[in-house]
Every structure is written in structure tokens, then in C-alpha cells.
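Comments concern the structure below.
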Amino acid sequence: MSWPIIRALVTKDLRLFFRNRFFAYISVAGIAFYIGIYFFMPSSVDEALDIGLYAPVLPPVFEQVQGEGLLIETVDSIEILEEGVTEGLYLAGIVLPPDIMEKLAAGNKVTVDVYFASDTPQELKDAVTNLIQELAYLQSGQILAVDISEEIIGPDMLGRQIPPRNRILPFFAVFIILTETLGLSSLISEEIENRTAQALLITPMTVKGLFLAKGVTGVSLAFSQALLFMIATGGLNQQPLIILVTLLLASLLVTGIGFLLGSAGKDLMSVMAWGLPAMIVLAVPAFGVMFPGTVSDWVKVIPSYYLVDTVHLSANFGLGWGDVWQNLLILVGFDIAFFGLGIIALRRKLT
Amino acid sequence: MAGDAIVAEELTYRYDELVAVDHISFKVAEGEILGFLGPNGAGKSTTVKVLTGQLQPREGKVTVLGIDITRDPEKVQAQIGVCFEITNLYEKMSAEENLKLFARLFGVSDFDAGALLERVGLAGRERDRVEEYSKGMKQRLMVARALVNRPSILFLDEPTDGLDPASAENIRKVILEERERGATVFLTTHDMMEADKLSDRVGFINQGKIVALDTPHNLKQQYGKRALRAQIAGPDGGLESREIIMDQPETVEAVQELFGQEQVVTIHSEEASLEDIFIDITGRGLTE
């Protein structure tokens, strides 16, 4: 198979891709939109917990913990406190009774009211409750008879909390690559349905050459756009080689999926009908990075998990080959599987 | 003496249980135009697909330009041009871009798209997108695309189907020019007049079998009836028709009697058309 033939076909495909107004628009406008959103997102992490406090008598321990990840704001009335919690100004509102100091000194039980908004996660409610109990112990001079030994499993991320814009980076990178699945599969399905593939295969172009050309087109479209996005957002500042390899493997993956969708679809609409559900499934792991704790372990059966996880770990935490090699190996496995399936499906359709 | 451009021996193709092409054998000489005629579903397009390497024969052997098509289809495909029955052009590209793409695929370095488009009557519309073309213009572009690599064999599947008379005539002219250049032409068509006019030989295919293969003249001699058709003045002043079958023992006597006893107004010789012969051989029409 000669390269001038492959080049001619790739050039033709890219020309047709950008002449399709829909794909041209979502490609160009999509990247601009994602870059815009990225820079619009906060670039720093607000790690403090805002807590409202109504205390006719303020125990000194509450003043001591101020600033240690806690921003405690005292208010003049319970009404103001309730309003602050409802409007989201405070994560929680604590009401201390006027006789708290006396009761603590006498060793009596103190009742503390805590207000939460209705959508506050249970984990946060538990954390605030524990905080109050700990402060009460401190105030009464009793130290909990527990020694806590900390051991970090895996890379220690202490002090490396990432800002929202970096958290969204893998999501956008994945989404840009996934979008190109639709473009490639549309090009393939049109080639089959309009019988232009038949005309190509009566030239020195072989079926193998056709796959190679479509593969080059798919990888070029997906990789170049993801790369552009990563460069624009500074996503290559850490571990650029790992990220480039990951994006390349991801481009191969979506090209294989594009082959499958292209052989199943008949036109743009049917490609969209098959492609959008696939895109949604493949985007799920990215939500796990954006909103930690929202997805479970089952997400690891989705191939894009390994792409998102690797980009997240390398671009946001600078982790190296030793930490992500397993992800990359699994991604290679998925590439082979989807490329193989795509070629089988497309060959059946073409011949 | 010219060699054989195409040799098919006992060529057979089946779609599952359906035998589309059934043990057909024929040869096409270099520089010859072979008209391949038959009704829909007779096996014409399947034969073309096998000859051009799109389908592998289930039985038999096909040699194109001395090359076994099953062994080296790419080598054959580099030297042939195919015009498909159904238009399959890149509609979002211009005529010029379509032709240049195929020139690159064939590795033609000195390709002049403008000259080729002028030959098929598309000069001035080179840069228009194909989606803006009429059916006739698309068909002419299909023929032009088949000529991009100056093919040794040209396979044309219904090239003038549905075209206006001027466009059809333009394509016929191109076909004859290609023959002049030395190309072999394998022409499948429904149009009997066209086949008669263009073909050196015609082959009739019916239900997957070749039922006749010869020059149009020989087929007419062999299967057709020749006759004289005359109009004579009737006793009441009207016109009556008379037909005299030729090549019969009583033909001379009948002609003498016609001119001796009747007032002949017009007289024409009449020979069978290829369609008449096809019906005579197969018992069915070409458009069935």
C-alpha cells in the first residue's frame, strides 16, 4: 500500500469532514467553548468550611480553631443563622446554649443545635457533628484516649488539592476525543451508503489501505483537537509524554468505536442515534473525576476510565510511568479489542 | 492480430442459493466493444463485478489483460476504468476534485482534469459541487472518472440510462473515441439501438447464461427475418400494407407480382432489431 494513496484519501476525508457544517461547527466551536469554560472555572481551591455560629457565650476553643480549615462566623441571632444556612452562606449553623461553659465545667450534658441545608450530604453532617464533639472535649479539658496513625496508600496528595478548572480538564479532553467518533463514523457510513467505497476499491486502493486511511483520519481528527485543547489549557505542563501517549491511545480507541458505529449507521442521523448513547456511557468516568464519590467501582469496565484516570493523575498530580503504566496497558488492550471488532464489522459491510 | 483482453471460462457466481451467473464462457478482443445485453436480474452486473475484481467467482476462471483476476485484482484494477450503474460520486466535492482524487489513487501524475471534463461536456462547471449537478451531468462525470487512468479496458454499466439524447450522444462519442485509442469496452445496456450502433459484438445473457454471442449483423442474419414492407394504393383510394418475406423460394415471384399488379406507393426493406432477436431466443423482452 503506497503512502500517496493513503494521503490522497486522508486529505479527501478531512476536506469532507470540514465541509460538513455540523461537524465543522462542533469541532471548532467545541474547542473554543471548552477552552473558554476552562479559563472561566476557578483556578484555586477554597478548602475552608464556612460555619455560622450563634453563641451568647463563646467558648475560647472556637476562637482557637478559627483559620485551621474552618471559617467560623458568629451571628447575632438564630434567625440570621437559619437564613445563612438556607442561602448557602454556611455549610452548617451551630447554636450554643448560653450556659454551655457552666455545664461543661460541671460535667453535665450540653445540647447543641446544628442547622443544615436540606441537600447537605450525610458525610458533611457527620464531619460537623464530630467536629463539635471534639471541640467540646477540648473545651472540657478531656483528650480522647485514641492515637491515630496515618498511612497513605498510593501517592500522597496532601496539600495537592486541585482547583475546579483542573478537575474538569480530563472531562473536556475525553469529550473532545469522543465527539470525533461521530465525525469519523459519519464519514464511513456515508462512504458505504453512497457507494463511493465501491468506487475506491476498483482503484489500486485495497480494503487494507482503506482501513489504514480511515484510521489515520480518525486518529488525526481526535488527537489533534485534544492536543490543541491540552496545549491551550496548559494540560501538558506536567508529564507531557504520558499525556500525549494517553491521548494517542484514546484516539485509537475512538477510531475503533467509529469503525463499529460507521458500519452500523446509514447516515448522520443513525450515526447520532447509535453514537450518542455510546458517548454518554464513555463520558461517565469523567464525571467521577469532576465530582468525586459520584461513581462506583463498576466504572472501571468502561474503557474511557483508564484515559480519564491517567490524564487526571498525570496532568493534575504529575504522576509518572510507574503510577499509570497499568492504566495504559489496559487502554492498549481496549484499543486492540475495539479496533479488531471495528475492522471485522466494517469488512463485512464493505465486502 | 489483437490478443484477448478478457477471457472468461465457465464463470459462475452464486448469491447463496441463487445462481446469478451460470458457467458462462466468452472472450473479448483488445480494442473490441462488446455489448452485454439482458433484462434486469439476468446477471450482467454480477458479471461486471467479477470481471473487475469486486466479487470472487465461485467457479471458473477469469483472465483480464492476461492476469488472473482472483490472484492479482489490484494489478488489473490499476489498468481498468469502471462506470457504475448507480451514481457514486463525492457530492460535496467539485467535479475537478473528484477526478483529481481518483487520478491520485491511480498514480496519474500528468492529469488534466479540465481537458477530460471538456470531453464529456462539463467545461465551465469544473468547480461546482457535484450535488448541484443534474442527473445527466453526474452520469457524464461518472464516465469521465472511469477514464482518469486512460484504461486499457473500460467497463460501462448502463452509461446512458436516463440521459437526454444530447448527453447520451456525447457519451457514445466518447466510447467510440476510447475504442479509437485502443481501449477495449465492455458495455452493458438495455438500449438495443445503442448496442447495435456501438458494439462490434453483442452477447445476450438470460438467467445467468449467455444465449447468443456474435456481431449484430450475424445475429440478424441467423435469427432475424428480413422483409420488404410496401404500401399500395387500395381500390377505394386508401393505403394497404403488404409484407414480403425475403430469402424464400417464392420471394422473387412475390416481388414481381407486387410491382406488376399493384400501384406501389412506398417500399422499405426491414430487418429484425436486436430486441426482436432477444425475444425470439429467450421468449422474453429486455425490459421485463
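The way I read the labels, and the way they are meant: chains A, B, ... in the order of the C-alpha cells, residue 1 as the first residue of every chain, and ligand 1 as the first ligand shown, with later ones counted on from there.
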Write down, as a PDB file with N, CA and C atoms, in the first residue's frame, each residue of chain B that has any atom within 9 Å of an atom of chain A, counting only C-alpha atoms.
```pdb
ATOM      1  N   THR B  52     -14.270  -7.244 -12.752  1.00  0.00           N
ATOM      2  CA  THR B  52     -13.496  -6.109 -12.213  1.00  0.00           C
ATOM      3  C   THR B  52     -12.918  -6.395 -10.820  1.00  0.00           C
ATOM      4  N   GLY B  53     -13.071  -7.620 -10.361  1.00  0.00           N
ATOM      5  CA  GLY B  53     -12.453  -8.000  -9.092  1.00  0.00           C
ATOM      6  C   GLY B  53     -13.238  -7.602  -7.866  1.00  0.00           C
ATOM      7  N   GLN B  54     -14.480  -7.171  -8.040  1.00  0.00           N
ATOM      8  CA  GLN B  54     -15.288  -6.820  -6.859  1.00  0.00           C
ATOM      9  C   GLN B  54     -15.852  -8.065  -6.207  1.00  0.00           C
ATOM     10  N   LEU B  55     -16.084  -9.102  -6.989  1.00  0.00           N
ATOM     11  CA  LEU B  55     -16.569 -10.382  -6.459  1.00  0.00           C
ATOM     12  C   LEU B  55     -15.626 -11.488  -6.930  1.00  0.00           C
ATOM     13  N   PRO B  73      -5.998  -8.873  -8.200  1.00  0.00           N
ATOM     14  CA  PRO B  73      -7.029  -7.907  -8.615  1.00  0.00           C
ATOM     15  C   PRO B  73      -6.514  -6.463  -8.688  1.00  0.00           C
ATOM     16  N   GLU B  74      -5.586  -6.104  -7.764  1.00  0.00           N
ATOM     17  CA  GLU B  74      -5.101  -4.715  -7.762  1.00  0.00           C
ATOM     18  C   GLU B  74      -4.381  -4.369  -9.070  1.00  0.00           C
ATOM     19  N   LYS B  75      -3.637  -5.348  -9.604  1.00  0.00           N
ATOM     20  CA  LYS B  75      -2.890  -5.107 -10.843  1.00  0.00           C
ATOM     21  C   LYS B  75      -3.860  -4.881 -12.010  1.00  0.00           C
ATOM     22  N   VAL B  76      -4.942  -5.644 -11.990  1.00  0.00           N
ATOM     23  CA  VAL B  76      -5.965  -5.466 -13.028  1.00  0.00           C
ATOM     24  C   VAL B  76      -6.651  -4.117 -12.844  1.00  0.00           C
ATOM     25  N   GLN B  77      -7.030  -3.833 -11.582  1.00  0.00           N
ATOM     26  CA  GLN B  77      -7.795  -2.610 -11.302  1.00  0.00           C
ATOM     27  C   GLN B  77      -7.009  -1.341 -11.642  1.00  0.00           C
ATOM     28  N   ALA B  78      -5.691  -1.442 -11.632  1.00  0.00           N
ATOM     29  CA  ALA B  78      -4.878  -0.270 -11.991  1.00  0.00           C
ATOM     30  C   ALA B  78      -5.005   0.051 -13.481  1.00  0.00           C
ATOM     31  N   GLN B  79      -5.475  -0.936 -14.271  1.00  0.00           N
ATOM     32  CA  GLN B  79      -5.492  -0.751 -15.733  1.00  0.00           C
ATOM     33  C   GLN B  79      -6.897  -0.693 -16.322  1.00  0.00           C
ATOM     34  N   ILE B  80      -7.903  -0.689 -15.449  1.00  0.00           N
ATOM     35  CA  ILE B  80      -9.269  -0.647 -15.972  1.00  0.00           C
ATOM     36  C   ILE B  80      -9.991   0.610 -15.467  1.00  0.00           C
ATOM     37  N   GLY B  81     -11.066   0.938 -16.153  1.00  0.00           N
ATOM     38  CA  GLY B  81     -11.923   2.035 -15.699  1.00  0.00           C
ATOM     39  C   GLY B  81     -13.340   1.494 -15.604  1.00  0.00           C
ATOM     40  N   VAL B  82     -14.037   1.861 -14.542  1.00  0.00           N
ATOM     41  CA  VAL B  82     -15.392   1.326 -14.336  1.00  0.00           C
ATOM     42  C   VAL B  82     -16.377   2.474 -14.145  1.00  0.00           C
ATOM     43  N   CYS B  83     -17.440   2.439 -14.929  1.00  0.00           N
ATOM     44  CA  CYS B  83     -18.535   3.394 -14.727  1.00  0.00           C
ATOM     45  C   CYS B  83     -19.724   2.599 -14.202  1.00  0.00           C
ATOM     46  N   PHE B  84     -20.092   2.868 -12.964  1.00  0.00           N
ATOM     47  CA  PHE B  84     -21.144   2.096 -12.305  1.00  0.00           C
ATOM     48  C   PHE B  84     -22.528   2.526 -12.779  1.00  0.00           C
ATOM     49  N   ILE B  86     -25.125   2.840 -10.764  1.00  0.00           N
ATOM     50  CA  ILE B  86     -25.654   3.805  -9.786  1.00  0.00           C
ATOM     51  C   ILE B  86     -24.576   4.852  -9.500  1.00  0.00           C
ATOM     52  N   THR B  87     -24.972   6.102  -9.558  1.00  0.00           N
ATOM     53  CA  THR B  87     -24.023   7.197  -9.350  1.00  0.00           C
ATOM     54  C   THR B  87     -23.387   7.108  -7.963  1.00  0.00           C
ATOM     55  N   ASN B  88     -22.077   7.118  -7.919  1.00  0.00           N
ATOM     56  CA  ASN B  88     -21.390   7.091  -6.615  1.00  0.00           C
ATOM     57  C   ASN B  88     -20.208   8.060  -6.621  1.00  0.00           C
ATOM     58  N   LEU B  89     -20.571   9.314  -6.678  1.00  0.00           N
ATOM     59  CA  LEU B  89     -19.572  10.383  -6.672  1.00  0.00           C
ATOM     60  C   LEU B  89     -19.555  11.045  -5.289  1.00  0.00           C
ATOM     61  N   TYR B  90     -18.485  11.774  -5.004  1.00  0.00           N
ATOM     62  CA  TYR B  90     -18.452  12.559  -3.769  1.00  0.00           C
ATOM     63  C   TYR B  90     -19.203  13.859  -4.029  1.00  0.00           C
ATOM     64  N   LYS B  92     -20.193  16.301  -2.150  1.00  0.00           N
ATOM     65  CA  LYS B  92     -19.771  17.564  -1.515  1.00  0.00           C
ATOM     66  C   LYS B  92     -18.466  18.093  -2.116  1.00  0.00           C
ATOM     67  N   MET B  93     -17.952  17.370  -3.098  1.00  0.00           N
ATOM     68  CA  MET B  93     -16.729  17.833  -3.759  1.00  0.00           C
ATOM     69  C   MET B  93     -17.065  18.261  -5.185  1.00  0.00           C
ATOM     70  N   GLU B  97     -12.345  18.115  -8.198  1.00  0.00           N
ATOM     71  CA  GLU B  97     -11.785  17.435  -7.012  1.00  0.00           C
ATOM     72  C   GLU B  97     -12.026  15.935  -7.091  1.00  0.00           C
ATOM     73  N   LEU B 101      -8.883  13.374  -7.211  1.00  0.00           N
ATOM     74  CA  LEU B 101      -8.732  12.338  -6.174  1.00  0.00           C
ATOM     75  C   LEU B 101      -8.438  10.983  -6.826  1.00  0.00           C
ATOM     76  N   PHE B 102      -9.223  10.640  -7.842  1.00  0.00           N
ATOM     77  CA  PHE B 102      -9.032   9.327  -8.470  1.00  0.00           C
ATOM     78  C   PHE B 102      -7.728   9.283  -9.272  1.00  0.00           C
ATOM     79  N   ARG B 104      -5.021  10.697  -8.311  1.00  0.00           N
ATOM     80  CA  ARG B 104      -4.000  10.419  -7.286  1.00  0.00           C
ATOM     81  C   ARG B 104      -4.027   8.953  -6.880  1.00  0.00           C
ATOM     82  N   LEU B 105      -5.229   8.406  -6.748  1.00  0.00           N
ATOM     83  CA  LEU B 105      -5.327   6.989  -6.362  1.00  0.00           C
ATOM     84  C   LEU B 105      -4.712   6.091  -7.433  1.00  0.00           C
ATOM     85  N   PHE B 106      -4.851   6.499  -8.700  1.00  0.00           N
ATOM     86  CA  PHE B 106      -4.268   5.711  -9.793  1.00  0.00           C
ATOM     87  C   PHE B 106      -2.801   6.070 -10.038  1.00  0.00           C
ATOM     88  N   GLY B 107      -2.328   7.096  -9.359  1.00  0.00           N
ATOM     89  CA  GLY B 107      -0.934   7.498  -9.534  1.00  0.00           C
ATOM     90  C   GLY B 107      -0.677   8.179 -10.869  1.00  0.00           C
TER      91      GLY B 107
END
```
key: Contacts of Ile232 (chain B) within 9 Å, only C-alpha atoms, excl. fewer than 6 positions in-chain, as a ChimeraX atom specification   = /B:238-242,258,262-267
request  = Within region 160-267 of chain A, find each residue whose DSSP state, derived from the backbone, is helix (DSSP H, G or I), and express the selection as a ChimeraX atom specification.
outcome  = /A:164-193,196-200,207-232,240-264
inquiry  = I want to know what sits within 7 Å of region 263-269 of chain A, based on only C-alpha atoms, with residues of the same chain fewer than 3 positions away left out; could you give that as a VMD selection string?
reply    = chain A and resid 186 189 to 190 193 259 to 260 272 to 273 345 to 346 349
File dump, residues just selected, C-alpha atoms, as a PDB file, in the first residue's frame:
```
ATOM      1  CA  SER A 186     -20.429   9.599   9.721  1.00  0.00           C
ATOM      2  CA  SER A 189     -21.283   5.330   6.844  1.00  0.00           C
ATOM      3  CA  GLU A 190     -21.673   7.883   4.036  1.00  0.00           C
ATOM      4  CA  GLU A 193     -24.225   4.145   1.738  1.00  0.00           C
ATOM      5  CA  PHE A 259     -15.500   1.890  12.666  1.00  0.00           C
ATOM      6  CA  LEU A 260     -18.193  -0.002  14.590  1.00  0.00           C
ATOM      7  CA  MET A 272     -26.070  10.025  16.038  1.00  0.00           C
ATOM      8  CA  ALA A 273     -28.681   7.555  17.255  1.00  0.00           C
ATOM      9  CA  ALA A 345     -17.740  -5.174  11.205  1.00  0.00           C
ATOM     10  CA  LEU A 346     -16.573  -2.797   8.503  1.00  0.00           C
ATOM     11  CA  LYS A 349     -20.146  -4.306   5.329  1.00  0.00           C
TER      12      LYS A 349
END
```
message = At a cut-off of 12 Å, using only C-alpha atoms, what residues contact region 101-111 of chain A? Leave out same-chain residues fewer than 5 positions from it and give the result as a PyMOL selection string.
response = chain A and resi 55-61+94-96+129+132-133+135-142
message = So that I can check the surroundings of Ile33 (chain B), please list as a list of chain:residue names every protein, DNA and RNA residue that reaches within 9 Å of it, counting only C-alpha atoms and ignoring chain neighbours fewer than 2 positions away.
response = B:Val28, B:Ala29, B:Glu30, B:Gly31, B:Gly35, B:Ile175, B:Leu176, B:Arg179, B:Ala183, B:Thr184, B:Val185, B:Phe186, B:Leu187, B:Leu198, B:Ser199, B:Asp200, B:Arg201, B:Val202
Take the residues just selected and output them with C-alpha atoms as a JSON list (two decimals), in the first residue's frame.
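result.json was written with the following content:
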```
[["chain", "number", "residue", "atom", "x", "y", "z"],
["B", 28, "VAL", "CA", -13.29, -10.02, -25.64],
["B", 29, "ALA", "CA", -10.53, -9.00, -28.01],
["B", 30, "GLU", "CA", -8.30, -6.00, -27.37],
["B", 31, "GLY", "CA", -9.84, -2.88, -28.88],
["B", 35, "GLY", "CA", -22.29, -5.09, -25.84],
["B", 175, "ILE", "CA", -16.93, 5.48, -26.12],
["B", 176, "LEU", "CA", -16.00, 5.41, -29.80],
["B", 179, "ARG", "CA", -12.05, 2.43, -28.89],
["B", 183, "ALA", "CA", -9.23, 0.58, -25.33],
["B", 184, "THR", "CA", -11.47, -2.44, -25.01],
["B", 185, "VAL", "CA", -15.03, -1.60, -23.98],
["B", 186, "PHE", "CA", -17.35, -3.91, -22.06],
["B", 187, "LEU", "CA", -20.72, -2.22, -22.35],
["B", 198, "LEU", "CA", -21.62, 0.86, -30.91],
["B", 199, "SER", "CA", -20.81, -2.81, -30.45],
["B", 200, "ASP", "CA", -18.52, -4.93, -32.56],
["B", 201, "ARG", "CA", -20.21, -7.94, -30.99],
["B", 202, "VAL", "CA", -23.13, -8.37, -28.65]]
```
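Going from CA of Thr179 (chain A) over to CA of Leu236 (chain A), you cover 21.0 Å.
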Show which residues sit within 6 Å of region 35-38 of chain A, as a PDB file with N, CA and C atoms, in the first residue's frame. Count only C-alpha atoms, and ignore same-chain residues fewer than 3 positions away.
```pdb
ATOM      1  N   ALA A  32     -13.243  25.929  21.208  1.00  0.00           N
ATOM      2  CA  ALA A  32     -13.269  27.300  21.744  1.00  0.00           C
ATOM      3  C   ALA A  32     -14.109  27.350  23.028  1.00  0.00           C
ATOM      4  N   MET A  41     -13.477  28.739  34.894  1.00  0.00           N
ATOM      5  CA  MET A  41     -13.571  27.997  36.159  1.00  0.00           C
ATOM      6  C   MET A  41     -12.511  28.519  37.139  1.00  0.00           C
ATOM      7  N   ARG A 165     -10.955  23.987  37.689  1.00  0.00           N
ATOM      8  CA  ARG A 165     -10.626  24.005  36.263  1.00  0.00           C
ATOM      9  C   ARG A 165      -9.738  22.807  35.889  1.00  0.00           C
TER      10      ARG A 165
END
```
task = Might you pull out every residue within 9 Å of region 113-125 of chain B, with only C-alpha atoms counted and same-chain residues fewer than 2 positions away left off, and present them as a ChimeraX atom specification?
result = /B:94-97,99-100,103,111,127-129,133,137,140-141,143-145,147-148,167,170-171,174
With C-alpha atoms retained, export the selected residues as a PDB file, in the first residue's frame.
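Final file, part_16.pdb:
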```pdb
ATOM      1  CA  SER B  94     -16.435  19.510  -7.139  1.00  0.00           C
ATOM      2  CA  ALA B  95     -16.098  17.579 -10.407  1.00  0.00           C
ATOM      3  CA  GLU B  96     -12.462  18.617 -10.582  1.00  0.00           C
ATOM      4  CA  GLU B  97     -11.785  17.435  -7.012  1.00  0.00           C
ATOM      5  CA  LEU B  99     -11.337  13.489 -10.778  1.00  0.00           C
ATOM      6  CA  LYS B 100      -8.117  14.640  -9.123  1.00  0.00           C
ATOM      7  CA  ALA B 103      -6.023  10.461 -10.515  1.00  0.00           C
ATOM      8  CA  PHE B 111      -3.547  14.523 -15.177  1.00  0.00           C
ATOM      9  CA  ARG B 127     -15.582  23.798  -9.678  1.00  0.00           C
ATOM     10  CA  ASP B 128     -19.261  23.352  -8.924  1.00  0.00           C
ATOM     11  CA  ARG B 129     -20.091  20.816  -6.277  1.00  0.00           C
ATOM     12  CA  TYR B 133     -25.347  18.730 -10.957  1.00  0.00           C
ATOM     13  CA  MET B 137     -24.135  15.800 -15.707  1.00  0.00           C
ATOM     14  CA  ARG B 140     -21.092  12.256 -17.691  1.00  0.00           C
ATOM     15  CA  LEU B 141     -18.807  12.828 -14.721  1.00  0.00           C
ATOM     16  CA  VAL B 143     -17.812   8.325 -17.414  1.00  0.00           C
ATOM     17  CA  ALA B 144     -15.031  10.908 -17.070  1.00  0.00           C
ATOM     18  CA  ARG B 145     -13.942   9.331 -13.775  1.00  0.00           C
ATOM     19  CA  LEU B 147     -11.257   7.492 -17.987  1.00  0.00           C
ATOM     20  CA  VAL B 148      -8.907   9.113 -15.463  1.00  0.00           C
ATOM     21  CA  SER B 167     -25.935  13.752 -23.309  1.00  0.00           C
ATOM     22  CA  ASN B 170     -21.916  12.748 -26.134  1.00  0.00           C
ATOM     23  CA  ILE B 171     -21.187   9.597 -24.147  1.00  0.00           C
ATOM     24  CA  VAL B 174     -16.531   9.270 -26.012  1.00  0.00           C
TER      25      VAL B 174
END
```
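Here the question is which of A:Ser185, A:Ser304, A:Asn166, A:Ser77 gets nearest to Leu282 (chain A) using only C-alpha atoms, and that residue is A:Ser304.
Separating CA of Gly333 (chain A) from CA of Thr310 (chain A) is a distance of 15.1 Å.
Taking CA of Asp50 (chain A) as the reference point, CA of Phe287 (chain A) is found at 25.6 Å.
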